[in-house]
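Notes follow the structure.
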Amino acid sequence: MRIVLISTPIGFLGSGKGGGVELTLNSLVSGLISLGHSVEVVAPKNSKLHESNVKAKLHFVEGEDQISWQHQDFNSPVTIPDNSLLVGMLEKGLDIAKQADVILNMSYDWLPIWITLNVEIPIAHIISMGSESLLISNLISKVYAKHPYNFAFHSKTQADDYPFIKKPNIIGNGFKLDNYTFQDSIKGPLAWVGRVAPEKGLEDAVFVANELGEKLKVWGVREDENYVSRVEQSFPQGTIDWMGFLSTDELQKELGKCRALLNTPKWNEAYGNVVVEALACGVPVVAYKRGGPSEIIQHGETGYLTNPDDKKSMLSYVEIIEKIERKKCREWVEKNASTDIFANKVVNWLNEVMQEY
Ligand code: UDP
């Protein structure tokens, strides 16, 4: 298959601004290449693919980022800036795709979905968020009526946000296991990883660490500095140990030393890459039963799930975290979320999309 992949129009690959899509794109490229497919990636200038993905051709586009939908009102209109990066990426993608079988869009935005109705080449969409925009959900519904196979989701709970999709195609996600080393360190600190923004609920994890009289190690892009200050001011100074945004290799080395990852989403998390990355290092996860993490974590086997927003229950599970066998965490990832498993699901889905055309 000749596949043209359109990246996120928010931040270059490697910046962290694109969130989980950056890692997902890399995993997918390596899985597709190892299955023998040809992949070209259209991405913002300065993007870097993982070094093992040299076989994929990277096309750069310059322009203004889109505004992320999770930081706009549900009813907001679509805005397209002058010199739009998204428009540029689509133009480039459509041009390259004259020689391709399918376009695979990974940007959660209105324009690429709308254009599906207006071009002959199949455009398949990996929807990377729950329903964050009325306009986009309505548009997905409209395109779905004509092209029912063109959408895939990371988890069932995420797809539930789009109830008009009768049999959603659930593709999970994939992780290159060689990039993560198993560590058996049961006495380490508590970890939290993610974009530091309100939908990620950092304050609940800091609450747990503070109750235990510990520091919380936090990795990730500080996306919203006002939110950062609000969280910092709610707890004694120094409770948060800011570790910055690291490459996957550096992150996994540090994360693997931790005794648990706390995952506290306030939104319908589509998947939750950081949950699987922790498991891949042998780190059990205590998370809210909300969105993707509720389908990933095996309660009592690879971590614990608590009722959403129940910080006290999260605290009590952290206190018994040593009951979890760290090897079982790694095993779950090997059996359920490798790049090969993920790429095979995506290829089966793309075949369905192409047949329908
Ligand atoms: N991440 C990273 N370095 C860091 C912190 C986070 O590369 O120091 C990456 C992490 O690997 C994951 C992404 O940030 O792929 C966050 O993705 P997730 O699916 O958890 O949430 P999203 O940001 O997509 O809502």
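Chain lettering (A, B, ...) mirrors the order of the structure tokens, residue numbering begins at 1 for each chain separately, and ligand numbering begins at 1 in order of display.
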
Inset, instruction - Determine which residues of segment 166-301 of chain A DSSP labels as strand (DSSP E or B) from the backbone of this structure, then write them out as a ChimeraX atom specification. - result: /A:169-170,175,190-193,216-219,240-244,260-263,285-288,299

Kindly export the residues of the current selection with N, CA and C atoms, as a tab-separated table (two decimals), in the first residue's frame.
chain	number	residue	atom	x	y	z
A	169	ASN	N	-14.72	1.38	14.38
A	169	ASN	CA	-13.49	0.63	14.17
A	169	ASN	C	-12.49	1.04	15.25
A	170	ILE	N	-12.18	0.11	16.15
A	170	ILE	CA	-11.30	0.43	17.27
A	170	ILE	C	-9.91	-0.12	16.98
A	175	PHE	N	3.16	0.51	20.41
A	175	PHE	CA	4.37	1.02	21.05
A	175	PHE	C	5.54	0.13	20.67
A	190	LEU	N	6.65	8.67	42.90
A	190	LEU	CA	5.41	8.67	42.13
A	190	LEU	C	5.59	9.54	40.90
A	191	ALA	N	4.97	9.12	39.79
A	191	ALA	CA	5.13	9.84	38.51
A	191	ALA	C	3.80	10.31	37.96
A	192	TRP	N	3.87	11.41	37.20
A	192	TRP	CA	2.74	11.88	36.41
A	192	TRP	C	3.33	12.35	35.09
A	193	VAL	N	2.73	11.97	33.97
A	193	VAL	CA	3.26	12.36	32.65
A	193	VAL	C	2.12	12.87	31.78
A	216	LEU	N	5.95	14.78	43.72
A	216	LEU	CA	5.45	14.11	42.52
A	216	LEU	C	6.34	14.50	41.35
A	217	LYS	N	6.90	13.52	40.66
A	217	LYS	CA	7.72	13.82	39.47
A	217	LYS	C	6.79	14.02	38.28
A	218	VAL	N	6.93	15.16	37.62
A	218	VAL	CA	6.04	15.50	36.51
A	218	VAL	C	6.85	15.73	35.23
A	219	TRP	N	6.51	14.95	34.18
A	219	TRP	CA	7.15	15.12	32.87
A	219	TRP	C	6.13	15.60	31.87
A	240	ILE	N	5.66	19.62	43.61
A	240	ILE	CA	5.85	19.16	42.23
A	240	ILE	C	7.31	19.25	41.86
A	241	ASP	N	7.84	18.13	41.38
A	241	ASP	CA	9.22	18.09	40.93
A	241	ASP	C	9.18	18.14	39.39
A	242	TRP	N	9.34	19.36	38.82
A	242	TRP	CA	9.21	19.52	37.37
A	242	TRP	C	10.40	18.90	36.67
A	243	MET	N	10.15	17.93	35.79
A	243	MET	CA	11.24	17.20	35.13
A	243	MET	C	11.40	17.60	33.67
A	244	GLY	N	10.49	18.45	33.16
A	244	GLY	CA	10.59	18.92	31.76
A	244	GLY	C	10.03	17.92	30.77
A	260	ALA	N	4.90	4.03	40.70
A	260	ALA	CA	3.56	4.06	40.10
A	260	ALA	C	3.41	5.33	39.26
A	261	LEU	N	2.56	5.23	38.23
A	261	LEU	CA	2.15	6.41	37.47
A	261	LEU	C	0.73	6.74	37.90
A	262	LEU	N	0.47	8.02	38.17
A	262	LEU	CA	-0.90	8.45	38.45
A	262	LEU	C	-1.45	9.08	37.18
A	263	ASN	N	-2.67	8.69	36.81
A	263	ASN	CA	-3.27	9.21	35.57
A	263	ASN	C	-4.67	9.72	35.90
A	285	VAL	N	-0.08	1.46	36.99
A	285	VAL	CA	-0.76	2.75	36.84
A	285	VAL	C	-2.03	2.78	37.69
A	286	VAL	N	-2.22	3.86	38.43
A	286	VAL	CA	-3.49	4.09	39.12
A	286	VAL	C	-4.18	5.23	38.36
A	287	ALA	N	-5.37	4.95	37.83
A	287	ALA	CA	-6.02	5.94	36.96
A	287	ALA	C	-7.50	6.04	37.26
A	288	TYR	N	-8.07	7.16	36.83
A	288	TYR	CA	-9.52	7.30	36.87
A	288	TYR	C	-10.14	6.42	35.80
A	299	HIS	N	-7.58	-3.96	36.29
A	299	HIS	CA	-7.69	-3.62	37.72
A	299	HIS	C	-7.17	-4.78	38.59

Any chance you could tabulate, as JSON lines, the residues of chain A at most 9 Å from ligand 1 with each one's nearest atom pair and distance in Å to one decimal, using only C-alpha atoms and all ligand atoms, in chain and rising number order?
{"residue": "A:Gly14", "atom": "CA", "partner": "ligand 1", "partner_atom_place_in_ligand_line": "7 (O)", "distance": 7.6}
{"residue": "A:Ser15", "atom": "CA", "partner": "ligand 1", "partner_atom_place_in_ligand_line": "7 (O)", "distance": 8.5}
{"residue": "A:Gly16", "atom": "CA", "partner": "ligand 1", "partner_atom_place_in_ligand_line": "14 (O)", "distance": 5.9}
{"residue": "A:Lys17", "atom": "CA", "partner": "ligand 1", "partner_atom_place_in_ligand_line": "23 (O)", "distance": 7.7}
{"residue": "A:Gly18", "atom": "CA", "partner": "ligand 1", "partner_atom_place_in_ligand_line": "23 (O)", "distance": 6.7}
{"residue": "A:Gly19", "atom": "CA", "partner": "ligand 1", "partner_atom_place_in_ligand_line": "23 (O)", "distance": 3.3}
{"residue": "A:Gly20", "atom": "CA", "partner": "ligand 1", "partner_atom_place_in_ligand_line": "17 (O)", "distance": 3.1}
{"residue": "A:Val21", "atom": "CA", "partner": "ligand 1", "partner_atom_place_in_ligand_line": "24 (O)", "distance": 5.8}
{"residue": "A:Glu22", "atom": "CA", "partner": "ligand 1", "partner_atom_place_in_ligand_line": "15 (O)", "distance": 6.4}
{"residue": "A:Leu23", "atom": "CA", "partner": "ligand 1", "partner_atom_place_in_ligand_line": "15 (O)", "distance": 4.8}
{"residue": "A:Thr24", "atom": "CA", "partner": "ligand 1", "partner_atom_place_in_ligand_line": "15 (O)", "distance": 6.9}
{"residue": "A:Ser128", "atom": "CA", "partner": "ligand 1", "partner_atom_place_in_ligand_line": "24 (O)", "distance": 7.5}
{"residue": "A:Met129", "atom": "CA", "partner": "ligand 1", "partner_atom_place_in_ligand_line": "25 (O)", "distance": 7.9}
{"residue": "A:Trp192", "atom": "CA", "partner": "ligand 1", "partner_atom_place_in_ligand_line": "5 (C)", "distance": 9.0}
{"residue": "A:Val193", "atom": "CA", "partner": "ligand 1", "partner_atom_place_in_ligand_line": "5 (C)", "distance": 5.4}
{"residue": "A:Gly194", "atom": "CA", "partner": "ligand 1", "partner_atom_place_in_ligand_line": "6 (C)", "distance": 5.0}
{"residue": "A:Arg195", "atom": "CA", "partner": "ligand 1", "partner_atom_place_in_ligand_line": "23 (O)", "distance": 5.3}
{"residue": "A:Val196", "atom": "CA", "partner": "ligand 1", "partner_atom_place_in_ligand_line": "23 (O)", "distance": 8.8}
{"residue": "A:Glu199", "atom": "CA", "partner": "ligand 1", "partner_atom_place_in_ligand_line": "25 (O)", "distance": 8.3}
{"residue": "A:Lys200", "atom": "CA", "partner": "ligand 1", "partner_atom_place_in_ligand_line": "25 (O)", "distance": 7.6}
{"residue": "A:Val218", "atom": "CA", "partner": "ligand 1", "partner_atom_place_in_ligand_line": "8 (O)", "distance": 8.2}
{"residue": "A:Trp219", "atom": "CA", "partner": "ligand 1", "partner_atom_place_in_ligand_line": "8 (O)", "distance": 4.4}
{"residue": "A:Gly220", "atom": "CA", "partner": "ligand 1", "partner_atom_place_in_ligand_line": "5 (C)", "distance": 3.6}
{"residue": "A:Val221", "atom": "CA", "partner": "ligand 1", "partner_atom_place_in_ligand_line": "5 (C)", "distance": 6.5}
{"residue": "A:Met243", "atom": "CA", "partner": "ligand 1", "partner_atom_place_in_ligand_line": "8 (O)", "distance": 7.5}
{"residue": "A:Gly244", "atom": "CA", "partner": "ligand 1", "partner_atom_place_in_ligand_line": "8 (O)", "distance": 5.9}
{"residue": "A:Phe245", "atom": "CA", "partner": "ligand 1", "partner_atom_place_in_ligand_line": "8 (O)", "distance": 3.4}
{"residue": "A:Leu246", "atom": "CA", "partner": "ligand 1", "partner_atom_place_in_ligand_line": "8 (O)", "distance": 3.8}
{"residue": "A:Ser247", "atom": "CA", "partner": "ligand 1", "partner_atom_place_in_ligand_line": "7 (O)", "distance": 5.1}
{"residue": "A:Thr248", "atom": "CA", "partner": "ligand 1", "partner_atom_place_in_ligand_line": "7 (O)", "distance": 5.0}
{"residue": "A:Asp249", "atom": "CA", "partner": "ligand 1", "partner_atom_place_in_ligand_line": "7 (O)", "distance": 8.6}
{"residue": "A:Glu250", "atom": "CA", "partner": "ligand 1", "partner_atom_place_in_ligand_line": "8 (O)", "distance": 8.1}
{"residue": "A:Leu251", "atom": "CA", "partner": "ligand 1", "partner_atom_place_in_ligand_line": "8 (O)", "distance": 5.7}
{"residue": "A:Gln252", "atom": "CA", "partner": "ligand 1", "partner_atom_place_in_ligand_line": "11 (O)", "distance": 8.7}
{"residue": "A:Asn263", "atom": "CA", "partner": "ligand 1", "partner_atom_place_in_ligand_line": "20 (O)", "distance": 8.9}
{"residue": "A:Pro265", "atom": "CA", "partner": "ligand 1", "partner_atom_place_in_ligand_line": "25 (O)", "distance": 9.0}
{"residue": "A:Glu269", "atom": "CA", "partner": "ligand 1", "partner_atom_place_in_ligand_line": "25 (O)", "distance": 6.8}
{"residue": "A:Ala270", "atom": "CA", "partner": "ligand 1", "partner_atom_place_in_ligand_line": "19 (O)", "distance": 7.4}
{"residue": "A:Tyr271", "atom": "CA", "partner": "ligand 1", "partner_atom_place_in_ligand_line": "19 (O)", "distance": 5.9}
{"residue": "A:Gly272", "atom": "CA", "partner": "ligand 1", "partner_atom_place_in_ligand_line": "19 (O)", "distance": 3.9}
{"residue": "A:Asn273", "atom": "CA", "partner": "ligand 1", "partner_atom_place_in_ligand_line": "19 (O)", "distance": 3.8}
{"residue": "A:Val274", "atom": "CA", "partner": "ligand 1", "partner_atom_place_in_ligand_line": "20 (O)", "distance": 4.2}
{"residue": "A:Val275", "atom": "CA", "partner": "ligand 1", "partner_atom_place_in_ligand_line": "20 (O)", "distance": 6.8}
{"residue": "A:Val276", "atom": "CA", "partner": "ligand 1", "partner_atom_place_in_ligand_line": "20 (O)", "distance": 8.7}
{"residue": "A:Glu277", "atom": "CA", "partner": "ligand 1", "partner_atom_place_in_ligand_line": "11 (O)", "distance": 7.0}

Export of the given selection (C-alpha atoms) as a compact mmCIF listing (two decimals), in the first residue's frame:
# COMPACT_ATOMS: atom_id res chain seq x y z
CA GLY A 14 9.23 16.19 18.47
CA SER A 15 7.93 19.40 20.06
CA GLY A 16 5.45 17.65 22.36
CA LYS A 17 2.73 20.15 21.45
CA GLY A 18 0.95 17.54 19.34
CA GLY A 19 0.54 15.29 22.41
CA GLY A 20 0.14 11.56 21.90
CA VAL A 21 -0.34 11.91 18.14
CA GLU A 22 3.42 12.43 17.75
CA LEU A 23 4.29 9.05 19.25
CA THR A 24 1.33 7.30 17.63
CA SER A 128 -7.54 11.20 18.17
CA MET A 129 -9.97 12.86 20.60
CA TRP A 192 2.74 11.88 36.41
CA VAL A 193 3.26 12.36 32.65
CA GLY A 194 1.30 14.48 30.19
CA ARG A 195 0.65 17.87 28.68
CA VAL A 196 0.21 20.18 31.66
CA GLU A 199 -8.06 18.40 30.93
CA LYS A 200 -5.26 16.30 32.39
CA VAL A 218 6.04 15.50 36.51
CA TRP A 219 7.15 15.12 32.87
CA GLY A 220 5.62 16.94 29.93
CA VAL A 221 5.10 20.19 28.07
CA MET A 243 11.24 17.20 35.13
CA GLY A 244 10.59 18.92 31.76
CA PHE A 245 9.71 17.40 28.41
CA LEU A 246 12.02 14.53 27.46
CA SER A 247 12.56 12.34 24.40
CA THR A 248 10.99 8.88 24.64
CA ASP A 249 14.36 7.32 25.40
CA GLU A 250 15.19 9.69 28.25
CA LEU A 251 11.62 9.62 29.57
CA GLN A 252 11.40 5.84 29.77
CA ASN A 263 -3.27 9.21 35.57
CA PRO A 265 -7.88 12.71 33.11
CA GLU A 269 -9.17 10.52 27.21
CA ALA A 270 -9.08 8.95 23.73
CA TYR A 271 -6.38 6.46 24.63
CA GLY A 272 -3.66 7.61 27.05
CA ASN A 273 -0.25 6.81 25.57
CA VAL A 274 1.54 7.58 28.81
CA VAL A 275 -0.36 4.78 30.57
CA VAL A 276 1.02 2.17 28.17
CA GLU A 277 4.51 3.69 28.20

Inset, instruction - Go through A:Glu40, A:Asp340, A:Glu331, A:Asp178 and flag the residue nearest Lys55 of chain A, using only C-alpha atoms for the distances. - result: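 Nearest to Lys55 of chain A: A:Glu40.
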
Legend entry - Selected residue, from A:Val283, A:Leu135, A:Leu315, A:Ile165, that lies nearest to Phe207 of chain A when counting only C-alpha atoms: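 Of A:Val283, A:Leu135, A:Leu315, A:Ile165, the one nearest Phe207 of chain A is A:Leu315, counting only C-alpha atoms.
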
Inset, instruction - May I have the residues within 12 Å of Pro77 of chain A as a PyMOL selection string, using only C-alpha atoms and disregarding those fewer than 6 positions away in the same chain? - result: chain A and resi 67+69+109-110+133-136

For the residues in the current selection, export N, CA and C atoms as a PDB file, in the first residue's frame.
ATOM      1  N   ILE A  67      -5.609  26.199  16.361  1.00  0.00           N
ATOM      2  CA  ILE A  67      -5.813  26.254  17.821  1.00  0.00           C
ATOM      3  C   ILE A  67      -6.319  24.875  18.228  1.00  0.00           C
ATOM      4  N   TRP A  69      -8.445  22.005  19.714  1.00  0.00           N
ATOM      5  CA  TRP A  69      -9.887  22.016  19.977  1.00  0.00           C
ATOM      6  C   TRP A  69     -10.222  21.821  21.446  1.00  0.00           C
ATOM      7  N   ASP A 109      -9.345  17.894  12.989  1.00  0.00           N
ATOM      8  CA  ASP A 109      -9.824  19.218  12.590  1.00  0.00           C
ATOM      9  C   ASP A 109     -10.870  19.100  11.491  1.00  0.00           C
ATOM     10  N   TRP A 110     -11.531  20.208  11.236  1.00  0.00           N
ATOM     11  CA  TRP A 110     -12.691  20.222  10.355  1.00  0.00           C
ATOM     12  C   TRP A 110     -12.330  20.012   8.887  1.00  0.00           C
ATOM     13  N   SER A 133     -15.823  19.192  19.724  1.00  0.00           N
ATOM     14  CA  SER A 133     -16.368  20.289  18.923  1.00  0.00           C
ATOM     15  C   SER A 133     -17.668  19.827  18.266  1.00  0.00           C
ATOM     16  N   LEU A 134     -18.703  20.631  18.460  1.00  0.00           N
ATOM     17  CA  LEU A 134     -20.002  20.316  17.850  1.00  0.00           C
ATOM     18  C   LEU A 134     -19.876  20.236  16.330  1.00  0.00           C
ATOM     19  N   LEU A 135     -19.175  21.238  15.773  1.00  0.00           N
ATOM     20  CA  LEU A 135     -19.023  21.293  14.313  1.00  0.00           C
ATOM     21  C   LEU A 135     -18.335  20.054  13.755  1.00  0.00           C
ATOM     22  N   ILE A 136     -17.290  19.621  14.454  1.00  0.00           N
ATOM     23  CA  ILE A 136     -16.549  18.459  13.947  1.00  0.00           C
ATOM     24  C   ILE A 136     -17.393  17.191  14.091  1.00  0.00           C
TER      25      ILE A 136
END
